[in-house]
>>> print(open('model12.tsv').read())   # TSV, C-alpha atoms
chain	number	residue	atom	x	y	z
A	1	MET	CA	-59.74	83.07	-39.70
A	2	LYS	CA	-59.70	80.54	-42.52
A	3	ARG	CA	-61.09	82.71	-45.23
A	4	PRO	CA	-58.64	85.65	-45.48
A	5	TYR	CA	-55.76	83.18	-45.41
A	6	ILE	CA	-57.09	81.38	-48.47
A	7	LYS	CA	-57.89	84.60	-50.22
A	8	ILE	CA	-54.40	85.97	-49.74
A	9	LEU	CA	-52.87	82.74	-50.98
A	10	GLY	CA	-55.06	82.74	-54.03
A	11	LEU	CA	-54.19	86.32	-54.75
A	12	ILE	CA	-50.47	85.63	-54.48
A	13	VAL	CA	-50.75	82.73	-56.89
A	14	VAL	CA	-52.70	84.73	-59.44
A	15	VAL	CA	-50.31	87.67	-59.25
A	16	LEU	CA	-47.33	85.35	-59.57
A	17	ALA	CA	-48.74	83.51	-62.53
A	18	VAL	CA	-49.84	86.62	-64.41
A	19	GLY	CA	-46.60	88.38	-63.60
A	20	LEU	CA	-44.43	85.54	-64.79
A	21	ILE	CA	-46.34	85.03	-68.00
A	22	PHE	CA	-46.44	88.76	-68.69
A	23	THR	CA	-42.73	89.34	-68.17
A	24	SER	CA	-41.74	86.33	-70.24
A	25	LEU	CA	-43.98	87.46	-73.09
A	26	LYS	CA	-42.85	91.05	-72.91
A	27	SER	CA	-39.14	90.35	-72.96
A	28	SER	CA	-39.34	88.21	-76.06
A	29	LYS	CA	-41.48	90.57	-78.13
A	30	LYS	CA	-39.44	93.69	-78.72
A	31	TYR	CA	-36.57	93.49	-81.21
A	32	LYS	CA	-37.48	89.95	-82.15
A	33	PHE	CA	-35.88	88.67	-85.35
A	34	ASN	CA	-38.14	87.88	-88.28
A	35	LYS	CA	-35.80	85.49	-90.00
A	36	SER	CA	-34.20	82.40	-88.54
A	37	ALA	CA	-30.42	82.15	-88.55
A	38	GLU	CA	-30.72	79.21	-90.96
A	39	LYS	CA	-32.72	81.26	-93.44
A	40	LEU	CA	-30.31	84.13	-93.24
A	41	HIS	CA	-27.42	81.71	-93.67
A	42	ALA	CA	-28.90	80.57	-96.98
A	43	GLU	CA	-28.99	84.21	-98.13
A	44	LEU	CA	-25.40	84.70	-97.10
A	45	VAL	CA	-24.28	81.63	-99.02
A	46	ALA	CA	-25.84	83.18	-102.13
A	47	ALA	CA	-23.72	86.28	-101.34
A	48	LYS	CA	-25.77	88.69	-103.41
A	49	HIS	CA	-25.81	91.58	-101.01
A	50	TYR	CA	-22.46	93.15	-101.94
A	51	LEU	CA	-22.16	96.20	-104.16
A	52	ASP	CA	-18.79	96.93	-105.71
A	53	PRO	CA	-17.53	100.52	-105.45
A	54	TYR	CA	-17.38	101.04	-109.22
A	55	LYS	CA	-21.08	100.23	-109.62
A	56	ALA	CA	-21.75	102.46	-106.63
A	57	LEU	CA	-19.92	105.33	-108.29
A	58	GLU	CA	-22.03	104.88	-111.40
A	59	ILE	CA	-25.18	105.07	-109.28
A	60	ILE	CA	-23.97	108.23	-107.60
A	61	SER	CA	-22.87	109.99	-110.75
A	62	ASN	CA	-26.18	109.12	-112.42
A	63	LYS	CA	-27.92	110.58	-109.36
A	64	ASP	CA	-30.08	107.47	-109.24
A	65	GLU	CA	-33.00	108.26	-106.92
A	66	ASN	CA	-33.67	104.63	-106.17
A	67	TYR	CA	-30.64	104.38	-103.94
A	68	ILE	CA	-29.69	105.78	-100.55
A	69	PHE	CA	-26.17	105.49	-99.19
A	70	VAL	CA	-26.19	104.91	-95.45
A	71	ASP	CA	-23.05	105.71	-93.47
A	72	ILE	CA	-23.06	103.68	-90.24
A	73	ARG	CA	-19.94	105.25	-88.72
A	74	ASN	CA	-20.10	107.71	-85.87
A	75	PRO	CA	-21.10	111.34	-86.57
A	76	ARG	CA	-17.53	112.59	-86.12
A	77	GLU	CA	-16.23	110.25	-88.82
A	78	PHE	CA	-19.20	111.14	-90.99
A	79	ASP	CA	-18.47	114.87	-90.68
A	80	ASN	CA	-14.84	114.24	-91.50
A	81	PHE	CA	-15.57	112.46	-94.74
A	82	HIS	CA	-18.58	110.79	-96.27
A	83	ILE	CA	-19.75	109.64	-99.65
A	84	GLU	CA	-21.72	112.26	-101.53
A	85	SER	CA	-25.44	112.26	-100.67
A	86	ALA	CA	-25.03	109.70	-97.87
A	87	VAL	CA	-27.09	109.85	-94.68
A	88	ASN	CA	-25.64	109.06	-91.26
A	89	VAL	CA	-27.14	106.26	-89.16
A	90	PRO	CA	-24.59	105.49	-86.41
A	91	MET	CA	-24.48	101.72	-86.00
A	92	GLN	CA	-25.09	101.68	-82.26
A	93	ARG	CA	-28.42	103.40	-82.93
A	94	ALA	CA	-29.43	101.38	-85.98
A	95	LEU	CA	-32.52	100.07	-84.20
A	96	ASP	CA	-33.66	103.44	-82.83
A	97	GLU	CA	-37.04	104.62	-83.99
A	98	GLU	CA	-35.77	107.93	-85.34
A	99	TYR	CA	-33.76	106.11	-88.02
A	100	ILE	CA	-36.53	103.83	-89.23
A	101	PRO	CA	-37.50	106.21	-92.10
A	102	TYR	CA	-33.99	105.91	-93.54
A	103	LEU	CA	-33.93	102.13	-93.38
A	104	LYS	CA	-37.53	101.05	-93.93
A	105	ASN	CA	-38.59	102.42	-97.30
A	106	ASP	CA	-38.87	101.39	-100.94
A	107	LYS	CA	-35.39	102.51	-101.90
A	108	ILE	CA	-32.27	100.43	-102.11
A	109	LYS	CA	-30.11	101.13	-99.08
A	110	VAL	CA	-26.35	100.77	-99.47
A	111	LEU	CA	-24.65	100.43	-96.07
A	112	TYR	CA	-21.04	101.33	-95.59
A	113	SER	CA	-18.53	101.57	-92.75
A	114	ASN	CA	-14.80	102.30	-92.79
A	115	GLU	CA	-14.07	98.99	-94.43
A	116	SER	CA	-16.97	96.62	-94.90
A	117	ILE	CA	-17.09	94.34	-91.87
A	118	LYS	CA	-19.27	96.55	-89.66
A	119	ALA	CA	-21.59	97.36	-92.56
A	120	ASP	CA	-21.88	93.64	-93.25
A	121	GLN	CA	-22.71	92.94	-89.61
A	122	ILE	CA	-25.40	95.62	-89.61
A	123	TRP	CA	-26.67	94.19	-92.90
A	124	LEU	CA	-27.10	90.81	-91.22
A	125	LEU	CA	-28.75	92.36	-88.20
A	126	LEU	CA	-31.25	94.49	-90.11
A	127	THR	CA	-32.04	91.88	-92.73
A	128	GLN	CA	-32.73	89.30	-90.07
A	129	TYR	CA	-34.77	91.88	-88.19
A	130	GLY	CA	-37.00	92.25	-91.24
A	131	TYR	CA	-35.67	95.22	-93.24
A	132	GLU	CA	-35.41	94.74	-96.99
A	133	ASN	CA	-33.42	95.95	-100.01
A	134	LEU	CA	-30.17	96.42	-98.14
A	135	TYR	CA	-26.72	96.16	-99.67
A	136	VAL	CA	-23.14	96.44	-98.41
A	137	LEU	CA	-20.60	98.65	-100.14
A	138	GLN	CA	-17.37	96.71	-100.64
A	139	GLY	CA	-14.23	98.49	-99.53
A	140	GLY	CA	-16.23	101.05	-97.52
A	141	ALA	CA	-15.25	104.66	-96.88
A	142	THR	CA	-11.51	103.88	-96.76
A	143	TYR	CA	-11.38	102.41	-100.23
A	144	TRP	CA	-13.65	105.15	-101.52
A	145	LYS	CA	-11.44	107.89	-100.19
A	146	GLU	CA	-8.30	106.32	-101.60
A	147	ASN	CA	-9.50	105.13	-104.97
A	148	MET	CA	-12.80	106.60	-106.07
A	149	LEU	CA	-12.02	110.29	-105.84
A	150	SER	CA	-9.09	110.39	-108.26
A	151	LYS	CA	-9.57	111.29	-111.90
A	152	ASP	CA	-7.90	108.27	-113.47
A	153	LEU	CA	-10.14	105.78	-111.73
A	154	PHE	CA	-9.07	102.44	-113.06
A	155	LYS	CA	-5.36	103.09	-113.08
A	156	SER	CA	-4.38	102.01	-109.61
A	157	LYS	CA	-7.19	99.61	-108.92
A	158	SER	CA	-6.45	97.92	-105.63
A	159	GLU	CA	-8.52	95.16	-104.12
A	160	TYR	CA	-11.87	96.06	-102.57
A	161	ASP	CA	-13.14	92.53	-101.93
A	162	ASP	CA	-12.22	91.63	-98.34
A	163	GLU	CA	-12.45	87.91	-99.06
A	164	LYS	CA	-10.04	87.95	-101.99
A	165	LEU	CA	-6.74	86.27	-101.13
A	166	LYS	CA	-3.97	88.82	-101.53
A	167	PHE	CA	-1.05	86.40	-101.34
A	168	ASP	CA	0.18	83.74	-103.69
A	169	ILE	CA	-0.28	80.46	-101.83
A	170	ASN	CA	2.40	78.71	-103.89
A	171	LYS	CA	4.93	81.36	-102.98
A	172	VAL	CA	4.10	81.08	-99.31
A	173	LYS	CA	4.43	77.31	-99.53
A	174	ALA	CA	7.68	77.56	-101.45
A	175	SER	CA	9.22	79.53	-98.62
A	176	ASN	CA	8.54	76.65	-96.23
B	1	MET	CA	-59.51	70.04	-45.83
B	2	ARG	CA	-60.15	73.24	-47.61
B	3	ILE	CA	-56.66	74.55	-47.05
B	4	ARG	CA	-55.27	71.38	-48.51
B	5	PHE	CA	-57.46	71.74	-51.54
B	6	VAL	CA	-56.35	75.34	-52.08
B	7	LEU	CA	-52.74	74.41	-51.55
B	8	SER	CA	-52.93	71.72	-54.18
B	9	ILE	CA	-54.48	74.20	-56.59
B	10	VAL	CA	-51.66	76.59	-55.83
B	11	LEU	CA	-49.17	73.86	-56.61
B	12	VAL	CA	-50.91	73.01	-59.84
B	13	CYS	CA	-50.89	76.67	-60.83
B	14	LEU	CA	-47.21	76.99	-60.08
B	15	GLY	CA	-46.60	73.79	-62.01
B	16	LEU	CA	-48.42	75.24	-64.99
B	17	VAL	CA	-46.34	78.42	-64.83
B	18	ALA	CA	-43.19	76.33	-64.60
B	19	ALA	CA	-44.33	74.30	-67.58
B	20	ILE	CA	-44.78	77.45	-69.63
B	21	LEU	CA	-41.53	79.07	-68.56
B	22	PRO	CA	-38.86	76.67	-69.87
B	23	GLN	CA	-40.20	77.06	-73.38
B	24	THR	CA	-39.97	80.83	-73.43
B	25	LYS	CA	-36.61	80.63	-71.72
B	26	ASN	CA	-35.31	78.30	-74.37
B	27	SER	CA	-36.28	80.59	-77.19
B	28	SER	CA	-34.84	83.59	-75.41
B	29	MET	CA	-31.46	81.88	-75.43
B	30	GLU	CA	-31.43	83.07	-78.98
B	31	LEU	CA	-30.49	86.71	-78.97
B	32	ASP	CA	-32.84	89.45	-80.13
B	33	ALA	CA	-31.76	92.27	-82.41
B	34	GLN	CA	-30.84	94.72	-79.64
B	35	GLN	CA	-28.82	92.12	-77.76
B	36	LEU	CA	-26.96	91.15	-80.91
B	37	LEU	CA	-26.28	94.81	-81.71
B	38	ASN	CA	-24.73	95.18	-78.25
B	39	GLU	CA	-22.63	92.06	-78.76
B	40	ILE	CA	-21.27	93.33	-82.09
B	41	GLN	CA	-19.95	96.45	-80.40
B	42	LEU	CA	-18.15	94.64	-77.59
B	43	GLU	CA	-15.42	93.57	-80.02
B	44	ASN	CA	-14.25	90.93	-77.55
B	45	TYR	CA	-14.82	88.23	-80.13
B	46	VAL	CA	-11.81	89.24	-82.23
B	47	ILE	CA	-8.54	87.38	-81.82
B	48	SER	CA	-5.39	89.00	-83.18
B	49	VAL	CA	-3.04	87.06	-85.44
B	50	ASP	CA	-0.26	87.53	-82.87
B	51	GLU	CA	-2.34	85.94	-80.13
B	52	MET	CA	-3.25	83.06	-82.44
B	53	ALA	CA	0.34	82.54	-83.56
B	54	ASN	CA	1.42	82.35	-79.92
B	55	ALA	CA	-1.31	79.84	-79.14
B	56	LEU	CA	-0.18	77.65	-82.03
B	57	ILE	CA	3.49	77.87	-81.06
B	58	ASN	CA	2.67	76.97	-77.48
B	59	ASN	CA	0.38	74.18	-78.62
B	60	ASP	CA	-2.42	75.68	-76.56
B	61	PRO	CA	-5.26	73.15	-76.60
B	62	GLU	CA	-7.81	75.82	-75.74
B	63	TYR	CA	-7.91	77.16	-79.30
B	64	GLN	CA	-9.50	75.39	-82.25
B	65	LEU	CA	-9.02	77.06	-85.62
B	66	ILE	CA	-11.93	76.63	-88.01
B	67	ASP	CA	-11.34	77.30	-91.70
B	68	LEU	CA	-14.60	78.43	-93.31
B	69	ARG	CA	-13.37	78.40	-96.89
B	70	PRO	CA	-14.34	75.77	-99.47
B	71	GLU	CA	-12.63	72.40	-99.20
B	72	ALA	CA	-10.39	72.99	-102.23
B	73	ASP	CA	-8.94	76.18	-100.71
B	74	PHE	CA	-8.48	74.43	-97.39
B	75	LYS	CA	-6.54	71.63	-99.05
B	76	ALA	CA	-4.33	74.09	-100.90
B	77	TYR	CA	-3.37	75.90	-97.72
B	78	SER	CA	-4.56	76.11	-94.14
B	79	LEU	CA	-3.28	77.14	-90.75
B	80	PRO	CA	-1.86	74.34	-88.56
B	81	GLY	CA	-4.45	72.24	-86.76
B	82	SER	CA	-7.43	73.77	-88.56
B	83	LEU	CA	-10.74	72.07	-88.97
B	84	ASN	CA	-12.51	72.70	-92.27
B	85	ILE	CA	-16.17	73.69	-91.93
B	86	PRO	CA	-17.09	75.23	-95.29
B	87	PHE	CA	-19.38	78.22	-94.74
B	88	ASP	CA	-22.14	76.59	-96.85
B	89	SER	CA	-22.45	73.73	-94.40
B	90	LEU	CA	-22.14	75.72	-91.18
B	91	PHE	CA	-25.51	74.55	-89.86
B	92	SER	CA	-25.30	70.97	-91.13
B	93	GLU	CA	-25.83	68.22	-88.59
B	94	THR	CA	-22.22	67.17	-88.82
B	95	TRP	CA	-20.84	70.53	-87.78
B	96	VAL	CA	-23.31	71.97	-85.30
B	97	PRO	CA	-21.76	69.98	-82.42
B	98	TYR	CA	-18.45	71.68	-83.23
B	99	ILE	CA	-19.78	75.23	-83.26
B	100	ASP	CA	-22.19	74.77	-80.34
B	101	GLN	CA	-19.90	73.58	-77.56
B	102	ILE	CA	-18.36	74.76	-74.33
B	103	ALA	CA	-14.98	73.02	-74.32
B	104	ARG	CA	-12.82	75.25	-76.49
B	105	LYS	CA	-12.38	78.59	-78.17
B	106	ASN	CA	-13.32	78.22	-81.81
B	107	VAL	CA	-11.48	80.70	-84.00
B	108	PHE	CA	-13.20	81.21	-87.36
B	109	TYR	CA	-11.12	82.34	-90.28
B	110	SER	CA	-11.34	82.86	-94.02
B	111	ASN	CA	-9.30	84.84	-96.55
B	112	GLY	CA	-10.49	88.14	-95.09
B	113	THR	CA	-12.76	88.85	-92.12
B	114	THR	CA	-16.18	88.95	-93.79
B	115	LEU	CA	-17.01	85.26	-93.87
B	116	ALA	CA	-15.73	84.66	-90.35
B	117	SER	CA	-17.72	87.62	-89.05
B	118	GLU	CA	-20.87	86.38	-90.78
B	119	ALA	CA	-20.45	82.92	-89.26
B	120	TRP	CA	-19.86	84.51	-85.87
B	121	MET	CA	-23.03	86.63	-86.15
B	122	LEU	CA	-25.14	83.59	-87.04
B	123	THR	CA	-23.78	81.41	-84.24
B	124	LYS	CA	-24.03	84.26	-81.73
B	125	GLN	CA	-27.64	84.89	-82.61
B	126	LYS	CA	-28.33	81.20	-82.09
B	127	GLY	CA	-26.90	81.59	-78.59
B	128	TYR	CA	-23.83	79.43	-79.27
B	129	LYS	CA	-20.87	80.31	-77.11
B	130	ASN	CA	-17.07	80.24	-77.45
B	131	ASN	CA	-16.84	81.33	-81.05
B	132	TYR	CA	-14.29	83.96	-82.09
B	133	ILE	CA	-12.89	85.38	-85.31
B	134	LEU	CA	-9.32	85.75	-86.50
B	135	ASN	CA	-8.73	89.43	-87.15
B	136	GLY	CA	-8.07	90.03	-90.84
B	137	GLY	CA	-8.05	86.33	-91.71
B	138	LEU	CA	-5.36	84.73	-93.84
B	139	ASN	CA	-4.52	88.00	-95.60
B	140	ASN	CA	-3.60	89.56	-92.27
B	141	TRP	CA	-1.83	86.36	-91.18
B	142	PHE	CA	0.45	86.51	-94.21
B	143	ALA	CA	1.02	90.25	-93.93
B	144	THR	CA	1.76	90.14	-90.21
B	145	ILE	CA	3.28	86.78	-89.34
B	146	ILE	CA	4.70	85.42	-92.58
B	147	GLU	CA	5.92	88.70	-94.06
B	148	PRO	CA	6.23	91.07	-91.11
B	149	LYS	CA	7.15	94.63	-91.94
B	150	GLU	CA	10.12	96.20	-90.26
B	151	PRO	CA	9.07	99.14	-88.11
B	152	ALA	CA	10.23	102.61	-89.04
B	153	SER	CA	13.12	104.04	-87.04
B	154	THR	CA	10.69	106.54	-85.56
B	155	ASP	CA	8.53	103.80	-84.07
B	156	GLY	CA	8.75	103.05	-80.37
B	157	GLU	CA	10.61	100.25	-78.70
B	158	GLU	CA	7.40	98.27	-78.42
B	159	ALA	CA	7.12	98.09	-82.22
B	160	PHE	CA	10.62	96.66	-82.46
B	161	PHE	CA	9.94	94.05	-79.78
B	162	GLN	CA	6.80	93.06	-81.65
B	163	TYR	CA	8.72	92.85	-84.91
B	164	GLU	CA	11.38	90.65	-83.34
B	165	ALA	CA	8.66	88.42	-81.92
B	166	ARG	CA	7.00	88.15	-85.31
B	167	LEU	CA	10.27	87.17	-86.96
B	168	GLY	CA	10.47	84.35	-84.46
B	169	MET	CA	6.93	83.33	-85.28
B	170	LYS	CA	7.66	83.51	-88.97
B	171	GLN	CA	10.56	81.16	-88.49
B	172	PHE	CA	8.34	78.79	-86.58
B	173	PHE	CA	5.66	78.71	-89.26
B	174	THR	CA	7.82	78.71	-92.35
B	175	GLY	CA	10.56	76.42	-91.10
B	176	ALA	CA	14.05	77.09	-89.82
B	177	GLY	CA	16.57	78.77	-92.07
B	178	ALA	CA	14.00	80.69	-94.06
B	179	VAL	CA	15.49	83.97	-95.14
B	180	SER	CA	13.02	86.76	-95.52
B	181	SER	CA	13.00	88.76	-98.72
B	182	SER	CA	13.50	91.92	-96.73
B	183	SER	CA	16.34	90.45	-94.70
B	184	SER	CA	18.53	92.91	-92.92
B	185	LYS	CA	21.45	92.32	-90.58
B	186	GLN	CA	19.11	92.15	-87.66
B	187	VAL	CA	17.05	89.35	-89.11
B	188	LYS	CA	19.53	86.52	-88.74
B	189	LYS	CA	19.57	86.51	-84.97
B	190	PRO	CA	16.23	85.13	-83.80
B	191	VAL	CA	16.25	81.92	-81.85
B	192	PRO	CA	12.71	80.57	-81.62
B	193	ARG	CA	12.84	79.68	-77.94
B	194	LYS	CA	14.01	83.07	-76.86
B	195	LYS	CA	11.34	84.72	-78.95
B	196	LYS	CA	8.68	82.73	-77.24
B	197	LYS	CA	9.71	84.18	-73.90
B	198	MET	CA	9.71	87.68	-75.24
B	199	VAL	CA	6.24	87.25	-76.60
B	200	ALA	CA	4.91	85.93	-73.35
B	201	GLY	CA	6.31	88.92	-71.52
B	202	GLY	CA	5.53	91.69	-73.95
B	203	CYS	CA	2.08	90.67	-74.96
B	204	SER	CA	-0.68	92.45	-73.16
>>> encode(input="model12.tsv", output="structure tokens")
Amino acid sequence: MKRPYIKILGLIVVVLAVGLIFTSLKSSKKYKFNKSAEKLHAELVAAKHYLDPYKALEIISNKDENYIFVDIRNPREFDNFHIESAVNVPMQRALDEEYIPYLKNDKIKVLYSNESIKADQIWLLLTQYGYENLYVLQGGATYWKENMLSKDLFKSKSEYDDEKLKFDINKVKASN
Amino acid sequence: MRIRFVLSIVLVCLGLVAAILPQTKNSSMELDAQQLLNEIQLENYVISVDEMANALINNDPEYQLIDLRPEADFKAYSLPGSLNIPFDSLFSETWVPYIDQIARKNVFYSNGTTLASEAWMLTKQKGYKNNYILNGGLNNWFATIIEPKEPASTDGEEAFFQYEARLGMKQFFTGAGAVSSSSSKQVKKPVPRKKKKMVAGGCS
């Protein structure tokens, strides 16, 4: 009578312990970040991961093989308009295995979205995840469509840097 | 006797498991890449300039604006009631208690959206809660609240209500009697109090 009781108890304990340890290990392994937020923050402060659209155009017209342009918008937007030679990696699937070859290679990957916020977010995500040589195209597809396709390029140069203040502070203050 | 012995072993085992668990739990408070990717797409961390303007007008204590620009820019101009946490010192000891808290809604802003979104990503990954970003930053604030554009005559009624509300907000933030550069006959009317009511009703 005594023996099976003890055996069952022991079994339960072992199963519990192994199960708990296993699940806790498993859940933390996949998609784990390689870089701490603090380390990534230091990289962001340096702010060296932006590529301005005029340099990008130079790269494209020189057909520079070292670069890949990665469009992170959805396939419908990509089909509608995309930068010449770009590949489509929809952002919601950026971590899917099928896209690893586009993102993990020796080339310089230039991410772009409609503007630049989403591309910047994916840049943070992938860089922290461990991917290297990623850049963000300033102004994104919208700026490209409006400014980079015309023949007299530098004539109507509007602002592509999202963080540039577009208003005159003194004027705003003066109206107070 | 034997049962007692086994039971105590069981307890020790469970204790060991419990001792291991909190550690892994703590680290899993930080988000992994897939979780963060999901969070990015929710878009519920973006606060519109209209919502923020209303909160400021109503003196809503729930919102805390956080200006991420350098100190010099902050001193030159900032939104009312902002706290300046320059992006460089986001994770400094002084500021972490402000960005890792549960009392209020922090609303990050900068000139555009980039810096605020970067700060949001970093704090989100750390597992900090209650951080939001101001959509379009100061540039959008100026374009929408300080210099609102009159809707086209083809726009719906909603657009005109919103415009009226924004004129009221503009008056609140730039001081009474300010005449807009694009002033039309309609512009002179707004009475701040009335506008407030309209905003509360029309905002969804």
>>> interface_residues(input="model12.tsv", of="chain A", to="chain B", cutoff="9 Å", atoms="only C-alpha atoms", output="JSON, numbers by chain")
{"A": [2, 5, 6, 9, 10, 13, 14, 16, 17, 18, 20, 21, 24, 25, 27, 28, 29, 30, 31, 32, 33, 36, 37, 38, 40, 41, 42, 44, 45, 91, 92, 93, 94, 95, 116, 117, 118, 120, 121, 122, 124, 125, 126, 128, 129, 161, 162, 163, 164, 165, 166, 167, 169, 170, 172, 173, 175, 176]}
>>> atom_distance(input="model12.tsv", atom1="CA of Ser153 in chain B", atom2="CA of Glu146 in chain A")
26.0 Å
>>> atom_distance(input="model12.tsv", atom1="CA of Gly130 in chain A", atom2="CA of Tyr54 in chain A")
28.0 Å
>>> closest_residue(input="model12.tsv", among="A:Phe22, A:Phe81, A:Trp123, A:Tyr135", to="Tyr67 in chain A", atoms="only C-alpha atoms")
A:Tyr135
>>> closest_residue(input="model12.tsv", among="A:Asp168, A:Asp152, A:Glu159, A:Glu132", to="His49 in chain A", atoms="all atoms listed in the file")
A:Glu132
>>> atom_distance(input="model12.tsv", atom1="CA of Gly140 in chain A", atom2="CA of Lys48 in chain A")
16.7 Å
>>> residues_around(input="model12.tsv", residues="Ala55 in chain B", least_positions_apart="6", cutoff="12 Å", atoms="only C-alpha atoms", output="ChimeraX atom specification")
/B:47-49,61-65,80-81,105,107,169,196,199-200
>>> axis_aligned_box(input="model12.tsv", around="range 85-90 of chain B", padding_each_side="3 Å", output="AutoDock Vina command-line options")
--center_x -19.3 --center_y 76.0 --center_z -94.0 --size_x 12.3 --size_y 10.5 --size_z 11.7
>>> build_atoms(input="model12.tsv", residues="range 68-74 of chain A", atoms="all heavy atoms", output="PDB file, in the coordinates of the input")
ATOM      1  N   ILE A  68     -30.179 104.913-101.620  1.00  0.00           N
ATOM      2  CA  ILE A  68     -29.690 105.780-100.550  1.00  0.00           C
ATOM      3  C   ILE A  68     -28.412 105.166 -99.995  1.00  0.00           C
ATOM      4  O   ILE A  68     -28.364 103.960 -99.723  1.00  0.00           O
ATOM      5  CB  ILE A  68     -30.644 105.864 -99.336  1.00  0.00           C
ATOM      6  CG1 ILE A  68     -32.067 106.168 -99.751  1.00  0.00           C
ATOM      7  CG2 ILE A  68     -30.161 106.923 -98.354  1.00  0.00           C
ATOM      8  CD1 ILE A  68     -32.976 106.292 -98.535  1.00  0.00           C
ATOM      9  N   PHE A  69     -27.387 105.973 -99.833  1.00  0.00           N
ATOM     10  CA  PHE A  69     -26.170 105.490 -99.190  1.00  0.00           C
ATOM     11  C   PHE A  69     -26.242 105.814 -97.703  1.00  0.00           C
ATOM     12  O   PHE A  69     -26.509 106.947 -97.326  1.00  0.00           O
ATOM     13  CB  PHE A  69     -24.931 106.119 -99.844  1.00  0.00           C
ATOM     14  CG  PHE A  69     -24.635 105.497-101.178  1.00  0.00           C
ATOM     15  CD1 PHE A  69     -25.367 105.838-102.303  1.00  0.00           C
ATOM     16  CD2 PHE A  69     -23.646 104.531-101.298  1.00  0.00           C
ATOM     17  CE1 PHE A  69     -25.125 105.237-103.527  1.00  0.00           C
ATOM     18  CE2 PHE A  69     -23.392 103.921-102.519  1.00  0.00           C
ATOM     19  CZ  PHE A  69     -24.137 104.273-103.642  1.00  0.00           C
ATOM     20  N   VAL A  70     -26.052 104.769 -96.902  1.00  0.00           N
ATOM     21  CA  VAL A  70     -26.190 104.910 -95.450  1.00  0.00           C
ATOM     22  C   VAL A  70     -24.840 104.691 -94.774  1.00  0.00           C
ATOM     23  O   VAL A  70     -24.286 103.599 -94.821  1.00  0.00           O
ATOM     24  CB  VAL A  70     -27.228 103.915 -94.889  1.00  0.00           C
ATOM     25  CG1 VAL A  70     -27.357 104.066 -93.390  1.00  0.00           C
ATOM     26  CG2 VAL A  70     -28.577 104.094 -95.575  1.00  0.00           C
ATOM     27  N   ASP A  71     -24.329 105.743 -94.166  1.00  0.00           N
ATOM     28  CA  ASP A  71     -23.050 105.710 -93.470  1.00  0.00           C
ATOM     29  C   ASP A  71     -23.295 105.300 -92.028  1.00  0.00           C
ATOM     30  O   ASP A  71     -23.981 106.016 -91.293  1.00  0.00           O
ATOM     31  CB  ASP A  71     -22.422 107.113 -93.538  1.00  0.00           C
ATOM     32  CG  ASP A  71     -20.986 107.130 -93.050  1.00  0.00           C
ATOM     33  OD1 ASP A  71     -20.684 106.419 -92.076  1.00  0.00           O
ATOM     34  OD2 ASP A  71     -20.179 107.876 -93.635  1.00  0.00           O
ATOM     35  N   ILE A  72     -22.756 104.146 -91.601  1.00  0.00           N
ATOM     36  CA  ILE A  72     -23.060 103.680 -90.240  1.00  0.00           C
ATOM     37  C   ILE A  72     -21.948 104.011 -89.246  1.00  0.00           C
ATOM     38  O   ILE A  72     -21.934 103.522 -88.135  1.00  0.00           O
ATOM     39  CB  ILE A  72     -23.354 102.162 -90.219  1.00  0.00           C
ATOM     40  CG1 ILE A  72     -22.128 101.359 -90.674  1.00  0.00           C
ATOM     41  CG2 ILE A  72     -24.547 101.810 -91.082  1.00  0.00           C
ATOM     42  CD1 ILE A  72     -22.116  99.945 -90.131  1.00  0.00           C
ATOM     43  N   ARG A  73     -21.006 104.863 -89.647  1.00  0.00           N
ATOM     44  CA  ARG A  73     -19.940 105.250 -88.720  1.00  0.00           C
ATOM     45  C   ARG A  73     -20.446 106.326 -87.769  1.00  0.00           C
ATOM     46  O   ARG A  73     -21.569 106.810 -87.912  1.00  0.00           O
ATOM     47  CB  ARG A  73     -18.740 105.740 -89.530  1.00  0.00           C
ATOM     48  CG  ARG A  73     -18.196 104.674 -90.482  1.00  0.00           C
ATOM     49  CD  ARG A  73     -17.165 105.256 -91.408  1.00  0.00           C
ATOM     50  NE  ARG A  73     -17.705 106.416 -92.113  1.00  0.00           N
ATOM     51  CZ  ARG A  73     -16.951 107.408 -92.586  1.00  0.00           C
ATOM     52  NH1 ARG A  73     -15.655 107.394 -92.436  1.00  0.00           N
ATOM     53  NH2 ARG A  73     -17.516 108.430 -93.219  1.00  0.00           N
ATOM     54  N   ASN A  74     -19.613 106.716 -86.826  1.00  0.00           N
ATOM     55  CA  ASN A  74     -20.100 107.710 -85.870  1.00  0.00           C
ATOM     56  C   ASN A  74     -20.132 109.115 -86.521  1.00  0.00           C
ATOM     57  O   ASN A  74     -19.465 109.348 -87.525  1.00  0.00           O
ATOM     58  CB  ASN A  74     -19.305 107.674 -84.565  1.00  0.00           C
ATOM     59  CG  ASN A  74     -17.853 108.053 -84.754  1.00  0.00           C
ATOM     60  OD1 ASN A  74     -17.554 109.045 -85.419  1.00  0.00           O
ATOM     61  ND2 ASN A  74     -16.949 107.272 -84.183  1.00  0.00           N
TER      62      ASN A  74
END
